[in-house]
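A.B. asks: Dropping a structure here in structure tokens format, bear with me for questions.
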Amino acid sequence: MTTAQHELTTDADLEWCYDAVHGVSRTFSITIDRLEEPMSKHICLGYLLCRIADTIEDAGHIPPADQTELLTEYDRLLDPDTDQSVEAFMADVEPWIPEPADRSNDWDVVAETPRVLQTFESLDEEPREIMREPVRELVDGMAMFTDRYAEEGGLRLQTLEELEEYCWYAAGTVGTLITGLVARGASKDRAAEMRDNARSFALLLQLVNIAKDVESDYHEENNVYLPAEWLAEENVDLDAVTDEENHNGVTNVVERVTGRAETYLDDAQRYLEVVPEQHGNRLSAWAIPYLLAVGTMRELRERPEDVVEEGDVKVPRAEVYALLQQFEEGMSRSRLDELRATMAEQPLHQ
């Protein structure tokens, strides 16, 4: 292949990767649209590498032992010092990939693992190596959890500490990846402050997702992330979190998880107050997900019962548009407090 042909292939693959992110995550789609090059492609590819592992870990139709083996194999694939081949990984994962007619956008990404990896390996060495270790830590953590709960057939987290351990592997590692990329060239003090607050930023977003997705996590993935110790206090069995007679008890636990997420708001905001706008990074890319989390927590406080009764607690679409418009008009960091206070009390578009 000539250099020109390789560049054409890489450009086409990168375009596919951008389209794939838009298909699998509304939040990251907004983030990547706000970034400029080269940060946009770095975050896009880092996210897709993580999403491949996340899709395997979430797959209710794959036995936990097989999930663990696939994740371990995928980790070896990301290790530049092993001879694990992408062909061998695909041969093992393909039996679990749904047929095209029944395939979700997430599984489309898994089916295109070779394309994602090829595009990742085309990046410059510095960003590639910044990204590799956090992605591998995420994959290793997910393999550890699927192995830990192999006999249960799905995750059944026991304590708040274990929930936050899981949140670290699922999201904190992504926060490390993002921080490593955006902190390049920042002052030593600023980079240190970002690293100090990156965990809070990631755990805030992940805990909000767990609080609002109880029904789908259980029915689609056979996973229960709500701490068993908290459910036991409400006399709710782990395998009955969506049963009608347990709605009140589960609602109380959802409120507790939401309250825990709120404890990370201040540190997460501090992360935004110091994040530099360089290498194509933009404040809005991370401020918007933060403020959407604030709005989602408001909805969870006002109607936590909808998590188990309807399984659909999220910020109104009109509010999302109103928030995006705030950043279209240009917004300084000094307005984060104002927007946070507003969205904590009422929808931004009202």
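In the structure tokens, chains take the letters A, B, ... in the order shown, each chain's residues start at 1, and ligands count up from 1 in the order shown.
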Name the residues of range 112-165 of chain A that fall into helix (DSSP H, G or I) according to DSSP on the backbone, using the chain letters and numbers of this document, as an mmCIF file with N, CA and C atoms, in the first residue's frame.
C.D. replies:
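Below is the file part_37.cif, written as the result:
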data_model
loop_
_atom_site.group_PDB
_atom_site.id
_atom_site.type_symbol
_atom_site.label_atom_id
_atom_site.label_comp_id
_atom_site.auth_asym_id
_atom_site.auth_seq_id
_atom_site.Cartn_x
_atom_site.Cartn_y
_atom_site.Cartn_z
ATOM 1 N N THR A 113 -13.566 -3.918 15.500
ATOM 2 C CA THR A 113 -12.380 -3.769 16.351
ATOM 3 C C THR A 113 -11.091 -3.586 15.550
ATOM 4 N N PRO A 114 -10.861 -4.373 14.481
ATOM 5 C CA PRO A 114 -9.616 -4.167 13.717
ATOM 6 C C PRO A 114 -9.489 -2.752 13.164
ATOM 7 N N ARG A 115 -10.598 -2.185 12.723
ATOM 8 C CA ARG A 115 -10.571 -0.826 12.170
ATOM 9 C C ARG A 115 -10.255 0.196 13.261
ATOM 10 N N VAL A 116 -10.870 0.032 14.429
ATOM 11 C CA VAL A 116 -10.606 0.955 15.530
ATOM 12 C C VAL A 116 -9.137 0.879 15.948
ATOM 13 N N LEU A 117 -8.613 -0.331 16.075
ATOM 14 C CA LEU A 117 -7.221 -0.505 16.478
ATOM 15 C C LEU A 117 -6.252 0.051 15.440
ATOM 16 N N GLN A 118 -6.546 -0.189 14.174
ATOM 17 C CA GLN A 118 -5.683 0.323 13.113
ATOM 18 C C GLN A 118 -5.627 1.843 13.152
ATOM 19 N N THR A 119 -6.773 2.467 13.387
ATOM 20 C CA THR A 119 -6.821 3.927 13.426
ATOM 21 C C THR A 119 -6.099 4.441 14.669
ATOM 22 N N PHE A 120 -6.268 3.755 15.780
ATOM 23 C CA PHE A 120 -5.550 4.118 17.009
ATOM 24 C C PHE A 120 -4.034 4.034 16.801
ATOM 25 N N GLU A 121 -3.581 2.969 16.174
ATOM 26 C CA GLU A 121 -2.139 2.790 15.974
ATOM 27 C C GLU A 121 -1.562 3.789 14.980
ATOM 28 N N GLU A 125 2.959 8.828 18.567
ATOM 29 C CA GLU A 125 3.312 7.975 19.708
ATOM 30 C C GLU A 125 2.896 8.574 21.049
ATOM 31 N N GLU A 126 3.081 9.873 21.253
ATOM 32 C CA GLU A 126 2.801 10.457 22.567
ATOM 33 C C GLU A 126 1.351 10.275 22.998
ATOM 34 N N PRO A 127 0.361 10.720 22.213
ATOM 35 C CA PRO A 127 -1.020 10.513 22.654
ATOM 36 C C PRO A 127 -1.391 9.036 22.730
ATOM 37 N N ARG A 128 -0.852 8.254 21.830
ATOM 38 C CA ARG A 128 -1.168 6.820 21.833
ATOM 39 C C ARG A 128 -0.736 6.169 23.149
ATOM 40 N N GLU A 129 0.455 6.504 23.605
ATOM 41 C CA GLU A 129 0.953 5.891 24.837
ATOM 42 C C GLU A 129 0.284 6.472 26.074
ATOM 43 N N ILE A 130 -0.138 7.729 26.027
ATOM 44 C CA ILE A 130 -0.913 8.300 27.134
ATOM 45 C C ILE A 130 -2.225 7.536 27.297
ATOM 46 N N MET A 131 -2.823 7.137 26.186
ATOM 47 C CA MET A 131 -4.122 6.485 26.202
ATOM 48 C C MET A 131 -4.052 5.001 26.551
ATOM 49 N N ARG A 132 -2.978 4.356 26.172
ATOM 50 C CA ARG A 132 -2.936 2.893 26.249
ATOM 51 C C ARG A 132 -3.101 2.362 27.685
ATOM 52 N N GLU A 133 -2.360 2.931 28.633
ATOM 53 C CA GLU A 133 -2.394 2.397 30.002
ATOM 54 C C GLU A 133 -3.764 2.538 30.657
ATOM 55 N N PRO A 134 -4.429 3.716 30.591
ATOM 56 C CA PRO A 134 -5.771 3.804 31.190
ATOM 57 C C PRO A 134 -6.778 2.856 30.534
ATOM 58 N N VAL A 135 -6.707 2.684 29.206
ATOM 59 C CA VAL A 135 -7.630 1.752 28.548
ATOM 60 C C VAL A 135 -7.395 0.342 29.060
ATOM 61 N N ARG A 136 -6.140 -0.044 29.178
ATOM 62 C CA ARG A 136 -5.832 -1.394 29.663
ATOM 63 C C ARG A 136 -6.252 -1.568 31.119
ATOM 64 N N GLU A 137 -6.137 -0.512 31.927
ATOM 65 C CA GLU A 137 -6.604 -0.606 33.313
ATOM 66 C C GLU A 137 -8.106 -0.813 33.356
ATOM 67 N N LEU A 138 -8.855 -0.120 32.491
ATOM 68 C CA LEU A 138 -10.303 -0.314 32.396
ATOM 69 C C LEU A 138 -10.620 -1.762 32.019
ATOM 70 N N VAL A 139 -9.937 -2.281 31.010
ATOM 71 C CA VAL A 139 -10.203 -3.646 30.541
ATOM 72 C C VAL A 139 -9.894 -4.650 31.648
ATOM 73 N N ASP A 140 -8.746 -4.484 32.307
ATOM 74 C CA ASP A 140 -8.375 -5.389 33.403
ATOM 75 C C ASP A 140 -9.399 -5.350 34.527
ATOM 76 N N GLY A 141 -9.879 -4.150 34.860
ATOM 77 C CA GLY A 141 -10.860 -4.016 35.923
ATOM 78 C C GLY A 141 -12.166 -4.704 35.579
ATOM 79 N N MET A 142 -12.606 -4.556 34.348
ATOM 80 C CA MET A 142 -13.847 -5.206 33.934
ATOM 81 C C MET A 142 -13.701 -6.723 33.947
ATOM 82 N N ALA A 143 -12.532 -7.220 33.519
ATOM 83 C CA ALA A 143 -12.276 -8.661 33.571
ATOM 84 C C ALA A 143 -12.309 -9.159 35.009
ATOM 85 N N MET A 144 -11.763 -8.367 35.925
ATOM 86 C CA MET A 144 -11.762 -8.737 37.334
ATOM 87 C C MET A 144 -13.181 -8.840 37.874
ATOM 88 N N PHE A 145 -14.041 -7.901 37.500
ATOM 89 C CA PHE A 145 -15.414 -7.919 37.999
ATOM 90 C C PHE A 145 -16.236 -9.048 37.391
ATOM 91 N N THR A 146 -16.089 -9.309 36.102
ATOM 92 C CA THR A 146 -16.841 -10.423 35.511
ATOM 93 C C THR A 146 -16.396 -11.748 36.107
ATOM 94 N N ASP A 147 -15.107 -11.861 36.425
ATOM 95 C CA ASP A 147 -14.598 -13.083 37.064
ATOM 96 C C ASP A 147 -15.104 -13.185 38.501
ATOM 97 N N ARG A 148 -15.146 -12.058 39.205
ATOM 98 C CA ARG A 148 -15.583 -12.045 40.604
ATOM 99 C C ARG A 148 -17.016 -12.538 40.751
ATOM 100 N N LEU A 160 -20.931 0.076 49.079
ATOM 101 C CA LEU A 160 -20.635 1.359 48.446
ATOM 102 C C LEU A 160 -19.188 1.373 47.970
ATOM 103 N N GLU A 161 -18.293 0.818 48.767
ATOM 104 C CA GLU A 161 -16.882 0.789 48.394
ATOM 105 C C GLU A 161 -16.667 0.004 47.106
ATOM 106 N N GLU A 162 -17.384 -1.102 46.968
ATOM 107 C CA GLU A 162 -17.241 -1.899 45.747
ATOM 108 C C GLU A 162 -17.863 -1.168 44.551
ATOM 109 N N LEU A 163 -18.975 -0.491 44.786
ATOM 110 C CA LEU A 163 -19.581 0.307 43.720
ATOM 111 C C LEU A 163 -18.589 1.348 43.216
ATOM 112 N N GLU A 164 -17.925 2.032 44.118
ATOM 113 C CA GLU A 164 -17.001 3.075 43.690
ATOM 114 C C GLU A 164 -15.728 2.476 43.089
ATOM 115 N N GLU A 165 -15.364 1.275 43.517
ATOM 116 C CA GLU A 165 -14.260 0.576 42.860
ATOM 117 C C GLU A 165 -14.628 0.284 41.403
#
A.B. asks: Calculated over only C-alpha atoms, which of the candidates A:Asp54, A:Asp239, A:Glu329, A:Glu273 has the smallest distance to Glu152 in chain A?
C.D. replies: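 Smallest separation from Glu152 in chain A among the options: A:Asp239.
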A.B. asks: With a cut-off of 10 Å, could you pull out the residues of range 146-228 of chain A touching range 280-304 of chain A and give me the nearest pair of atoms for each, distance in Å to one decimal, using only C-alpha atoms, ordered by chain and ascending number, as JSON lines?
C.D. replies:
{"residue": "A:Leu181", "atom": "CA", "partner": "A:Asn281", "partner_atom": "CA", "distance": 9.0}
{"residue": "A:Val182", "atom": "CA", "partner": "A:Asn281", "partner_atom": "CA", "distance": 6.6}
{"residue": "A:Ala183", "atom": "CA", "partner": "A:Asn281", "partner_atom": "CA", "distance": 9.8}
{"residue": "A:Phe201", "atom": "CA", "partner": "A:Tyr290", "partner_atom": "CA", "distance": 7.8}
{"residue": "A:Ala202", "atom": "CA", "partner": "A:Tyr290", "partner_atom": "CA", "distance": 9.6}
{"residue": "A:Leu204", "atom": "CA", "partner": "A:Ala293", "partner_atom": "CA", "distance": 7.7}
{"residue": "A:Leu205", "atom": "CA", "partner": "A:Ala293", "partner_atom": "CA", "distance": 6.3}
{"residue": "A:Gln206", "atom": "CA", "partner": "A:Ala293", "partner_atom": "CA", "distance": 9.4}
{"residue": "A:Leu207", "atom": "CA", "partner": "A:Ala293", "partner_atom": "CA", "distance": 9.6}
{"residue": "A:Val208", "atom": "CA", "partner": "A:Ala293", "partner_atom": "CA", "distance": 6.6}
{"residue": "A:Asn209", "atom": "CA", "partner": "A:Ala293", "partner_atom": "CA", "distance": 8.5}
{"residue": "A:Ala211", "atom": "CA", "partner": "A:Leu300", "partner_atom": "CA", "distance": 7.9}
{"residue": "A:Lys212", "atom": "CA", "partner": "A:Leu300", "partner_atom": "CA", "distance": 7.2}
A.B. asks: Residues at most 9 Å from Ala322 in chain A, counting only C-alpha atoms, excluding those fewer than 5 positions away in the same chain, as a PDB file with N, CA, C and O atoms, in the first residue's frame?
C.D. replies:
ATOM      1  N   ARG A 317     -35.224  16.915  26.375  1.00  0.00           N
ATOM      2  CA  ARG A 317     -34.473  17.261  25.157  1.00  0.00           C
ATOM      3  C   ARG A 317     -34.390  18.780  24.971  1.00  0.00           C
ATOM      4  O   ARG A 317     -33.354  19.305  24.550  1.00  0.00           O
ATOM      5  N   LEU A 348     -33.440  24.213  32.367  1.00  0.00           N
ATOM      6  CA  LEU A 348     -32.826  25.452  31.874  1.00  0.00           C
ATOM      7  C   LEU A 348     -33.724  26.181  30.874  1.00  0.00           C
ATOM      8  O   LEU A 348     -33.681  27.398  30.761  1.00  0.00           O
ATOM      9  N   HIS A 349     -34.579  25.429  30.172  1.00  0.00           N
ATOM     10  CA  HIS A 349     -35.376  26.047  29.117  1.00  0.00           C
ATOM     11  C   HIS A 349     -36.679  26.664  29.633  1.00  0.00           C
ATOM     12  O   HIS A 349     -37.441  27.259  28.885  1.00  0.00           O
TER      13      HIS A 349
END
A.B. asks: For Arg156 in chain A, work out the shell of residues within 12 Å, counting only C-alpha atoms and skipping chain neighbours fewer than 5 positions away, then give it as a ChimeraX atom specification.
C.D. replies: /A:145-151,162-163,166,217-218,221-229,231,237-241
A.B. asks: Could you check which of A:Glu112, A:Glu69, A:Asp33, A:Asp243 is closest to His219 in chain A, using only C-alpha atoms?
C.D. replies: A:Asp243
A.B. asks: Nearest to Trp96 in chain A among A:His247, A:His42, A:His61, A:Arg51, with distances taken over only C-alpha atoms: which residue is it?
C.D. replies: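 Looking at the shortest contact to Trp96 in chain A, the residue is A:His61.
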A.B. asks: If I take CA of Arg34 in chain A and CA of Gly180 in chain A, how far is one from the other in Å, to one decimal?
C.D. replies: 18.5 Å
A.B. asks: For Leu339 in chain A, find every residue with an atom within 9 Å (counting only C-alpha atoms), except residues of its own chain fewer than 3 positions away, and show them as a list in words.
C.D. replies: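 Near Leu339 in chain A, the qualifying residues are Leu291, Leu323, Arg335, Leu336, Thr342, Met343, Ala344 and Leu348 of chain A.
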A.B. asks: Taking only C-alpha atoms into account, name the residue in A:Glu310, A:Glu37, A:Glu220, A:Asp75 that is nearest to Asp58 in chain A.
C.D. replies: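 Smallest distance to Asp58 in chain A is found for A:Glu220.
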A.B. asks: Would you kindly return, as JSON, numbers by chain, each protein, DNA or RNA residue with an atom no farther than 7 Å from any atom of Val307 in chain A, considering only C-alpha atoms and excluding same-chain residues fewer than 2 positions away?
C.D. replies: {"A": [212, 213, 214, 215, 304, 305, 309, 310, 311, 312, 313]}
A.B. asks: Take the residues from that selection and write them out as a PDB file, in the first residue's frame, keeping N, CA, C and O atoms.
C.D. replies:
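Listing of out10.pdb after writing:
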ATOM      1  N   LYS A 212     -29.753   6.216  37.315  1.00  0.00           N
ATOM      2  CA  LYS A 212     -30.877   6.366  36.374  1.00  0.00           C
ATOM      3  C   LYS A 212     -31.129   5.128  35.517  1.00  0.00           C
ATOM      4  O   LYS A 212     -32.178   5.030  34.876  1.00  0.00           O
ATOM      5  N   ASP A 213     -30.185   4.179  35.509  1.00  0.00           N
ATOM      6  CA  ASP A 213     -30.292   3.046  34.575  1.00  0.00           C
ATOM      7  C   ASP A 213     -30.552   1.713  35.262  1.00  0.00           C
ATOM      8  O   ASP A 213     -30.219   0.652  34.719  1.00  0.00           O
ATOM      9  N   VAL A 214     -31.158   1.720  36.439  1.00  0.00           N
ATOM     10  CA  VAL A 214     -31.350   0.485  37.200  1.00  0.00           C
ATOM     11  C   VAL A 214     -32.096  -0.565  36.393  1.00  0.00           C
ATOM     12  O   VAL A 214     -31.703  -1.736  36.339  1.00  0.00           O
ATOM     13  N   GLU A 215     -33.193  -0.159  35.760  1.00  0.00           N
ATOM     14  CA  GLU A 215     -34.023  -1.126  35.033  1.00  0.00           C
ATOM     15  C   GLU A 215     -33.275  -1.735  33.848  1.00  0.00           C
ATOM     16  O   GLU A 215     -33.236  -2.964  33.692  1.00  0.00           O
ATOM     17  N   PRO A 304     -37.630   9.918  41.553  1.00  0.00           N
ATOM     18  CA  PRO A 304     -36.785   8.719  41.600  1.00  0.00           C
ATOM     19  C   PRO A 304     -37.554   7.440  41.310  1.00  0.00           C
ATOM     20  O   PRO A 304     -36.987   6.465  40.816  1.00  0.00           O
ATOM     21  N   GLU A 305     -38.872   7.453  41.601  1.00  0.00           N
ATOM     22  CA  GLU A 305     -39.675   6.258  41.360  1.00  0.00           C
ATOM     23  C   GLU A 305     -39.734   5.888  39.874  1.00  0.00           C
ATOM     24  O   GLU A 305     -39.934   4.729  39.511  1.00  0.00           O
ATOM     25  N   GLU A 309     -40.187   2.384  37.763  1.00  0.00           N
ATOM     26  CA  GLU A 309     -41.525   2.260  37.189  1.00  0.00           C
ATOM     27  C   GLU A 309     -41.515   2.431  35.675  1.00  0.00           C
ATOM     28  O   GLU A 309     -42.261   1.767  34.957  1.00  0.00           O
ATOM     29  N   GLU A 310     -40.663   3.329  35.179  1.00  0.00           N
ATOM     30  CA  GLU A 310     -40.627   3.596  33.741  1.00  0.00           C
ATOM     31  C   GLU A 310     -39.253   3.379  33.125  1.00  0.00           C
ATOM     32  O   GLU A 310     -39.132   3.213  31.911  1.00  0.00           O
ATOM     33  N   GLY A 311     -38.236   3.415  33.951  1.00  0.00           N
ATOM     34  CA  GLY A 311     -36.880   3.216  33.444  1.00  0.00           C
ATOM     35  C   GLY A 311     -36.423   4.317  32.509  1.00  0.00           C
ATOM     36  O   GLY A 311     -35.640   4.077  31.588  1.00  0.00           O
ATOM     37  N   ASP A 312     -36.911   5.520  32.732  1.00  0.00           N
ATOM     38  CA  ASP A 312     -36.606   6.592  31.789  1.00  0.00           C
ATOM     39  C   ASP A 312     -36.507   7.927  32.522  1.00  0.00           C
ATOM     40  O   ASP A 312     -37.433   8.716  32.509  1.00  0.00           O
ATOM     41  N   VAL A 313     -35.375   8.147  33.172  1.00  0.00           N
ATOM     42  CA  VAL A 313     -35.154   9.417  33.853  1.00  0.00           C
ATOM     43  C   VAL A 313     -33.982  10.116  33.181  1.00  0.00           C
ATOM     44  O   VAL A 313     -32.852   9.648  33.239  1.00  0.00           O
TER      45      VAL A 313
END
A.B. asks: Can you tell me how far CA of Gly249 in chain A sits from CA of Glu234 in chain A, in Å to one decimal?
C.D. replies: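 Spanning CA of Gly249 in chain A to CA of Glu234 in chain A is a straight-line distance of 5.0 Å.
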A.B. asks: Let me make sure I understand: among A:Met39, A:Asp266, A:Ala232, A:Thr55, which one has the smallest atom-to-atom distance to Asp108 in chain A if we use only C-alpha atoms?
C.D. replies: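 Smallest distance to Asp108 in chain A is found for A:Thr55.
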